[in-house]
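Below is one structure; the comments refer to it alone.
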Amino acid sequence: MLELLTEIQNTWQDIVLPVDKRKDCWTVSQQFRDHVKQFFPKKKYTLLEVGCYKGMTAKHLADHFTQYLGLDVNDRYLRVARLNNIFNSHVKFQKFDVYNSDWNELTFPADVVLIDARHKYEYIKQDIDNCLKRFNNALIIFDDYGAWESVFRAVNEAIDDGKLEVVKEIGVEKGQQLWPDQNNPYSYTHFGSEGLICRSSKAVFN
């Protein structure tokens, strides 16, 4: 009980405020979330979030998808994510090490996969390959595409290799800056759009 009360106290701002990338650099911008809602018809698709962090994106998109599963390997993040979505009955969270586990163990029927886990180049490449093998017909959303060179390079290589096709750019636009404070260590100007919606070049849609 004490641990639960401590978690509630530590995450109170996340629970009551619309936290986005300007407040917490490890989540996505509100513009990113709005674009996702605008692109996908409401209550038609399921979404799998790879790297759910504190469940803030799940909280904002919960009403838009029929089912939502967030994956993370961090126990504390998962506890916070569940608290943030305590009233969203169709939103679930699961501990899953996406880099050391077989994605075939995932039984969730994902129509859309949001990739926002580790941002190192080799991990993004692994995310892409695992996603294409397990959910070959899913649409794939990448966060921090234009903010992290490693993500930008891995996704562009998959596009150039014919694995992915670009569907739409979303979120903060190229050339915009999320944090005007130059003293912020995470302040950067986007050299591409914040997010990218892609699909497998071999995907077959009804």
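Order determines the names: the first chain of the structure tokens is A, the second B, and so forth; residues in each chain are numbered 1 upward, and ligands are numbered 1 upward as they are shown.
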I'd like the neighbourhood of segment 171-173 of chain A as a PyMOL selection string, where a residue qualifies if any of its atoms comes within 8 Å (using only C-alpha atoms), though same-chain residues fewer than 4 positions away should be ignored.
chain A and resi 29-33+35+178+190+192-195
Selected residues, C-alpha atoms, written as a compact mmCIF listing (two decimals), in the first residue's frame, please.
```txt
# COMPACT_ATOMS: atom_id res chain seq x y z
CA SER A 29 4.64 15.90 -28.56
CA GLN A 30 0.94 16.68 -28.38
CA GLN A 31 1.13 17.52 -32.07
CA PHE A 32 2.36 13.95 -32.70
CA ARG A 33 -0.63 12.52 -30.81
CA HIS A 35 -1.70 13.72 -36.00
CA LEU A 178 10.98 21.74 -29.21
CA HIS A 190 14.55 18.61 -36.05
CA GLY A 192 13.31 15.65 -40.21
CA SER A 193 9.75 15.35 -38.95
CA GLU A 194 9.36 14.19 -35.35
CA GLY A 195 7.43 11.12 -36.43
```
Give me, as CSV, each residue of segment 32-59 of chain A that comes within 6 Å of segment 68-72 of chain A, together with its shortest interatomic pair and the distance in Å at one decimal, counting only C-alpha atoms, with rows ordered by chain and rising residue number.
```
residue,atom,partner,partner_atom,distance
A:Thr46,CA,A:Tyr68,CA,5.9
A:Leu47,CA,A:Tyr68,CA,4.9
A:Leu48,CA,A:Leu69,CA,4.9
A:Glu49,CA,A:Gly70,CA,4.7
A:Val50,CA,A:Leu71,CA,5.2
A:Gly51,CA,A:Asp72,CA,5.0
A:Cys52,CA,A:Gly70,CA,5.0
```
Could you check which of A:Val73, A:Ile141, A:Leu164, A:Cys198 is closest to Ser101 of chain A, using only C-alpha atoms?
A:Val73
Write out as a VMD selection string all residues of segment 7-190 of chain A that backbone DSSP assigns to strand (DSSP E).
chain A and resid 46 to 50 67 to 72 91 to 95 112 to 115 139 to 142 164 to 170
Take the selection from the previous step and output its residues with N, CA, C and O atoms, as a short mmCIF file (atom, residue, chain, number, x, y, z; two decimals), in the first residue's frame.
```cif
data_model
loop_
_atom_site.label_atom_id
_atom_site.label_comp_id
_atom_site.auth_asym_id
_atom_site.auth_seq_id
_atom_site.Cartn_x
_atom_site.Cartn_y
_atom_site.Cartn_z
N THR A 46 -6.22 -1.52 -33.59
CA THR A 46 -5.53 -1.81 -32.34
C THR A 46 -4.12 -1.25 -32.44
O THR A 46 -3.54 -1.19 -33.53
N LEU A 47 -3.54 -0.86 -31.29
CA LEU A 47 -2.20 -0.27 -31.31
C LEU A 47 -1.29 -0.94 -30.29
O LEU A 47 -1.67 -1.12 -29.13
N LEU A 48 -0.10 -1.29 -30.73
CA LEU A 48 0.95 -1.83 -29.88
C LEU A 48 2.05 -0.77 -29.75
O LEU A 48 2.59 -0.32 -30.75
N GLU A 49 2.36 -0.37 -28.51
CA GLU A 49 3.41 0.61 -28.28
C GLU A 49 4.65 -0.09 -27.74
O GLU A 49 4.62 -0.67 -26.65
N VAL A 50 5.72 -0.04 -28.49
CA VAL A 50 6.98 -0.67 -28.11
C VAL A 50 7.84 0.38 -27.41
O VAL A 50 8.44 1.24 -28.04
N GLN A 67 -8.12 -1.49 -28.90
CA GLN A 67 -7.26 -2.11 -27.89
C GLN A 67 -5.89 -1.44 -27.95
O GLN A 67 -5.45 -1.00 -29.01
N TYR A 68 -5.24 -1.40 -26.80
CA TYR A 68 -3.93 -0.74 -26.71
C TYR A 68 -3.05 -1.55 -25.77
O TYR A 68 -3.41 -1.77 -24.62
N LEU A 69 -1.91 -2.01 -26.27
CA LEU A 69 -0.97 -2.74 -25.42
C LEU A 69 0.37 -2.01 -25.43
O LEU A 69 0.94 -1.76 -26.49
N GLY A 70 0.85 -1.67 -24.24
CA GLY A 70 2.16 -1.03 -24.11
C GLY A 70 3.18 -1.99 -23.55
O GLY A 70 2.92 -2.69 -22.58
N LEU A 71 4.35 -2.03 -24.17
CA LEU A 71 5.43 -2.91 -23.74
C LEU A 71 6.57 -2.08 -23.15
O LEU A 71 6.90 -1.01 -23.67
N ASP A 72 7.16 -2.58 -22.08
CA ASP A 72 8.36 -1.97 -21.54
C ASP A 72 9.07 -3.00 -20.68
O ASP A 72 8.45 -3.97 -20.21
N VAL A 91 -6.87 -0.63 -22.17
CA VAL A 91 -5.43 -0.38 -22.27
C VAL A 91 -4.70 -1.31 -21.30
O VAL A 91 -4.97 -1.31 -20.11
N LYS A 92 -3.77 -2.09 -21.82
CA LYS A 92 -3.00 -3.03 -21.01
C LYS A 92 -1.51 -2.77 -21.18
O LYS A 92 -1.07 -2.20 -22.18
N PHE A 93 -0.75 -3.21 -20.18
CA PHE A 93 0.70 -3.06 -20.23
C PHE A 93 1.34 -4.39 -19.87
O PHE A 93 0.84 -5.14 -19.04
N GLN A 94 2.47 -4.66 -20.52
CA GLN A 94 3.13 -5.95 -20.35
C GLN A 94 4.64 -5.76 -20.27
O GLN A 94 5.21 -5.01 -21.07
N LYS A 95 5.26 -6.44 -19.32
CA LYS A 95 6.72 -6.43 -19.28
C LYS A 95 7.25 -7.35 -20.37
O LYS A 95 6.90 -8.53 -20.42
N VAL A 112 -1.47 -1.42 -35.72
CA VAL A 112 -0.53 -0.31 -35.72
C VAL A 112 0.52 -0.57 -34.66
O VAL A 112 0.18 -0.99 -33.54
N VAL A 113 1.79 -0.34 -34.99
CA VAL A 113 2.87 -0.51 -34.02
C VAL A 113 3.62 0.82 -33.89
O VAL A 113 4.13 1.35 -34.88
N LEU A 114 3.65 1.35 -32.69
CA LEU A 114 4.39 2.57 -32.40
C LEU A 114 5.73 2.20 -31.77
O LEU A 114 5.78 1.64 -30.68
N ILE A 115 6.82 2.48 -32.47
CA ILE A 115 8.16 2.13 -32.00
C ILE A 115 8.80 3.34 -31.34
O ILE A 115 9.05 4.36 -31.98
N LEU A 139 0.77 -1.02 -39.83
CA LEU A 139 1.38 0.28 -40.07
C LEU A 139 2.32 0.57 -38.91
O LEU A 139 2.00 0.28 -37.75
N ILE A 140 3.48 1.13 -39.19
CA ILE A 140 4.50 1.35 -38.18
C ILE A 140 4.72 2.85 -38.00
O ILE A 140 4.94 3.57 -38.97
N ILE A 141 4.65 3.30 -36.74
CA ILE A 141 4.90 4.70 -36.41
C ILE A 141 6.24 4.78 -35.69
O ILE A 141 6.48 4.05 -34.73
N PHE A 142 7.10 5.69 -36.15
CA PHE A 142 8.39 5.91 -35.50
C PHE A 142 8.38 7.27 -34.80
O PHE A 142 8.03 8.28 -35.41
N LEU A 164 10.44 -0.68 -46.17
CA LEU A 164 9.38 0.22 -45.71
C LEU A 164 9.03 1.23 -46.80
O LEU A 164 9.86 1.60 -47.62
N GLU A 165 7.77 1.67 -46.74
CA GLU A 165 7.30 2.77 -47.58
C GLU A 165 6.75 3.86 -46.66
O GLU A 165 6.04 3.57 -45.70
N VAL A 166 7.08 5.11 -46.96
CA VAL A 166 6.59 6.23 -46.16
C VAL A 166 5.13 6.51 -46.51
O VAL A 166 4.76 6.60 -47.67
N VAL A 167 4.32 6.64 -45.46
CA VAL A 167 2.91 6.96 -45.63
C VAL A 167 2.65 8.43 -45.29
O VAL A 167 1.99 9.14 -46.04
N LYS A 168 3.21 8.88 -44.15
CA LYS A 168 2.93 10.26 -43.73
C LYS A 168 3.95 10.71 -42.68
O LYS A 168 4.37 9.93 -41.84
N GLU A 169 4.32 11.99 -42.75
CA GLU A 169 5.12 12.61 -41.71
C GLU A 169 4.19 13.21 -40.66
O GLU A 169 3.16 13.80 -41.00
N ILE A 170 4.54 13.06 -39.38
CA ILE A 170 3.69 13.57 -38.31
C ILE A 170 4.53 14.24 -37.22
O ILE A 170 5.75 14.10 -37.19
#
```
Of the residues A:Asp144, A:Asp111, A:Asp116, A:Asp160, which is the one nearest to Thr66 of chain A, using only C-alpha atoms?
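That would be A:Asp111, the residue with the smallest distance to Thr66 of chain A.
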Would you mind reading off the distance between atom CA of Lys202 of chain A and atom CA of Gly162 of chain A, one decimal, in Å?
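Interatomic distance here is 8.9 Å.
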Between atom CA of Tyr53 of chain A and atom CA of Tyr99 of chain A, distance in Å (one decimal):
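These atoms are spaced 15.9 Å apart.
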